[in-house]
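A.B. asks: First the structure, which I've put down as structure tokens, then a few questions once you've had a look.
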Amino acid sequence: MFKRILIPTDGTAASMAAVDAAIDFAHASGAEVVGLHVTPLRPLFSEVLGVLTAPEAEETARECLAYVERRAAQAGIGATLSTRRADSPADAIVAAARELHCDLIVMGTRGRGQASALLLGSQTQGVLAHSAIPVMVVPRARGAAH
Amino acid sequence: MYRRILVPTDGSEISSVAVEAAIAFARICGGDIVALSIAQPEPVMLTAEGALASGEFQVDVLLEQARRQVDRVAEAAARAGVPCTPVTGYGYSPADEIVEAARRHGCDLVFMASHGRRGLSRLIAGSVTQRVLAYAPVPVMVYRPHLAHAQEEQARPPAPAGTGAAG
């Protein structure tokens, strides 16, 4: 049913949990994965790291995608890695899903216990609003619990 | 992989497209589904006519409606050879009922449409889905039916007699 799964990752715990879930899912369903990191064009505030400089952002991108690559290799599934630069990560994710012929996007939530409007994270919200393909949203607890 | 999939439905066209996909998905996973429909009390109208519909009457009607919706899902699941447990609930917040049902029935995935009967905008995930996403203890597959496809389905006349069964 799903053959090519897009995994946008930004290095947060929430997105790591989503990577893990997506790899398990791909492994079980015989799909391949596409790891994607979107680097903001302008310096953006990151809730984890503060404002990122360009070299730091590149380093983050490398680490995020290396994690996808490593997990995919461990699971024995094919992985393609992609980096994009864009002002709106959500738009870039939706565009990448289309251009890279993905049929599912797997993303994380920020975690629980905050106001519900903040729980999803603005990028997940944006992708949900504009994606033409299904989006699987993985709660952070799934990754944190194990 | 996913052994028990919660499939909430509100009977809308869009949610029925998601239900079909969920059943196909459960079949591939070799899992079973829990079909759920929540009877949601409507605010009673403050008019003479509205006063006629007592709360209790409304509950019965809404629960019956919910029952019919999950029965339809169960029938479709049976046709696909997927075991299905039909469940109805009653509450003001369908999202909270969905999250609670996922826990109670030990579901490891929720598979639902991006918006349902009350979704006003095609560009924004529905409020029920949003709330489920925020509080669900397990992954949620948000299925966004191809809208053109859904509209086609609605507009398409019934298949001409003799073509379907013959093939």
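Going through the structure tokens in order, the chains are called A, B, and so on, while each chain numbers its residues from 1 and the ligands are numbered from 1 in the order shown.
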Which residues are close to Arg67 in chain B, i.e. within 7 Å by only C-alpha atoms, leaving aside same-chain residues fewer than 4 positions away? Reply as a ChimeraX atom specification.

C.D. replies: /B:63,71,88

A.B. asks: Could you tell me which residues of chain A sit within 7 Å of chain B when counting only C-alpha atoms, and give me the result as a list in words?

C.D. replies: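 My answer is Met1, Ala28, Ser116, Leu119, Leu120, Leu128, Ala129, His130, Ala132, Ile133, Pro134, Val135, Met136, Val137, Val138, Pro139 and Arg142 of chain A.
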
A.B. asks: Which neighbours of Ala101 in chain B fall inside 10 Å, counting only C-alpha atoms, when residues of the same chain fewer than 4 positions from it are skipped, and could you give them as a list in words?

C.D. replies: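 Here the qualifying residues turn out to be Leu6, Pro8, Val34, Leu36, Val87, Thr88, Gly89, Ala95, Asp96, Glu97, His105, Gly106, Cys107, Val110 and Ala136 of chain B.
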
A.B. asks: Using only C-alpha atoms, determine which residues lie at most 10 Å from Tyr90 in chain B, disregarding the query and same-chain residues fewer than 2 positions distant; provide the list as number ranges by chain.

C.D. replies: B: 37-41, 59, 62-63, 66, 88, 92-94, 97

A.B. asks: Could you go through chain A and tell me which residues DSSP, when run on the backbone, assigns to alpha helix (DSSP H), listing them as a ChimeraX atom specification?

C.D. replies: /A:13-29,54-75,89-99,116-119,122-130,140-144

A.B. asks: Between CA of Asp24 in chain A and CA of Thr109 in chain A, what distance in Å does the model show, to one decimal?

C.D. replies: 17.6 Å

A.B. asks: Which neighbours of Pro8 in chain A fall inside 7 Å, counting only C-alpha atoms, when residues of the same chain fewer than 2 positions from it are skipped, and could you give them as a ChimeraX atom specification?

C.D. replies: /A:6,10,35-37,93,107

A.B. asks: Leaving out Phe25 in chain A and any residue of its chain fewer than 3 positions from it, which residues lie within 10 Å of it when counting only C-alpha atoms, given as a CSV table (one decimal) with C-alpha atoms, in the first residue's frame?

C.D. replies:
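File written: selection_14.csv
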```csv
chain,number,residue,atom,x,y,z
A,2,PHE,CA,2.8,2.4,0.9
A,5,ILE,CA,7.8,7.0,2.8
A,19,VAL,CA,12.0,8.4,12.2
A,20,ASP,CA,12.1,5.3,14.4
A,21,ALA,CA,8.4,4.6,13.8
A,22,ALA,CA,8.7,5.2,10.1
A,28,ALA,CA,7.3,-4.3,8.0
A,29,SER,CA,5.6,-3.1,4.8
A,30,GLY,CA,8.5,-3.6,2.4
A,31,ALA,CA,8.8,0.1,1.6
A,32,GLU,CA,11.8,2.4,1.1
A,33,VAL,CA,12.3,5.7,2.9
A,106,VAL,CA,5.6,10.3,8.7
B,1,MET,CA,3.0,-4.6,12.4
B,2,TYR,CA,-0.2,-2.9,13.3
```

A.B. asks: In Å to one decimal, how far is CA of Ala17 in chain A from CA of Arg140 in chain A?

C.D. replies: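 Distance between the two atoms: 5.8 Å.
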
A.B. asks: By how many Å are CA of Gln69 in chain B and CA of Thr9 in chain B apart?

C.D. replies: 7.2 Å

A.B. asks: Please return, as a ChimeraX atom specification, all residues of range 6-138 of chain B that DSSP assigns to strand (DSSP E or B) on the basis of the backbone.

C.D. replies: /B:6-8,32-39,84-90,109-113

A.B. asks: With only C-alpha atoms as the counted atoms, please give the residues lying no more than 8 Å from Glu63 in chain A, apart from itself and same-chain residues fewer than 4 positions off, as a compact mmCIF listing (two decimals) with N, CA, C and O atoms, in the first residue's frame.

C.D. replies:
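This went into result_18.txt:
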```txt
# COMPACT_ATOMS: atom_id res chain seq x y z
N GLY A 11 15.78 16.88 13.79
CA GLY A 11 16.70 16.61 14.89
C GLY A 11 16.09 16.72 16.28
O GLY A 11 16.76 16.44 17.26
N GLU A 59 25.44 21.25 9.70
CA GLU A 59 25.83 20.14 10.58
C GLU A 59 24.57 19.41 11.09
O GLU A 59 24.53 18.18 11.10
N TYR A 67 21.27 9.92 10.78
CA TYR A 67 20.46 9.07 11.67
C TYR A 67 19.48 8.22 10.86
O TYR A 67 19.34 7.02 11.09
```

A.B. asks: Name the closest residue to Ser12 in chain B among the candidates B:His115, B:Arg68, B:Arg79, B:Arg103; distances are taken between atoms, counting only C-alpha atoms.

C.D. replies: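 Ranked by minimum distance to Ser12 in chain B, first place goes to B:His115.
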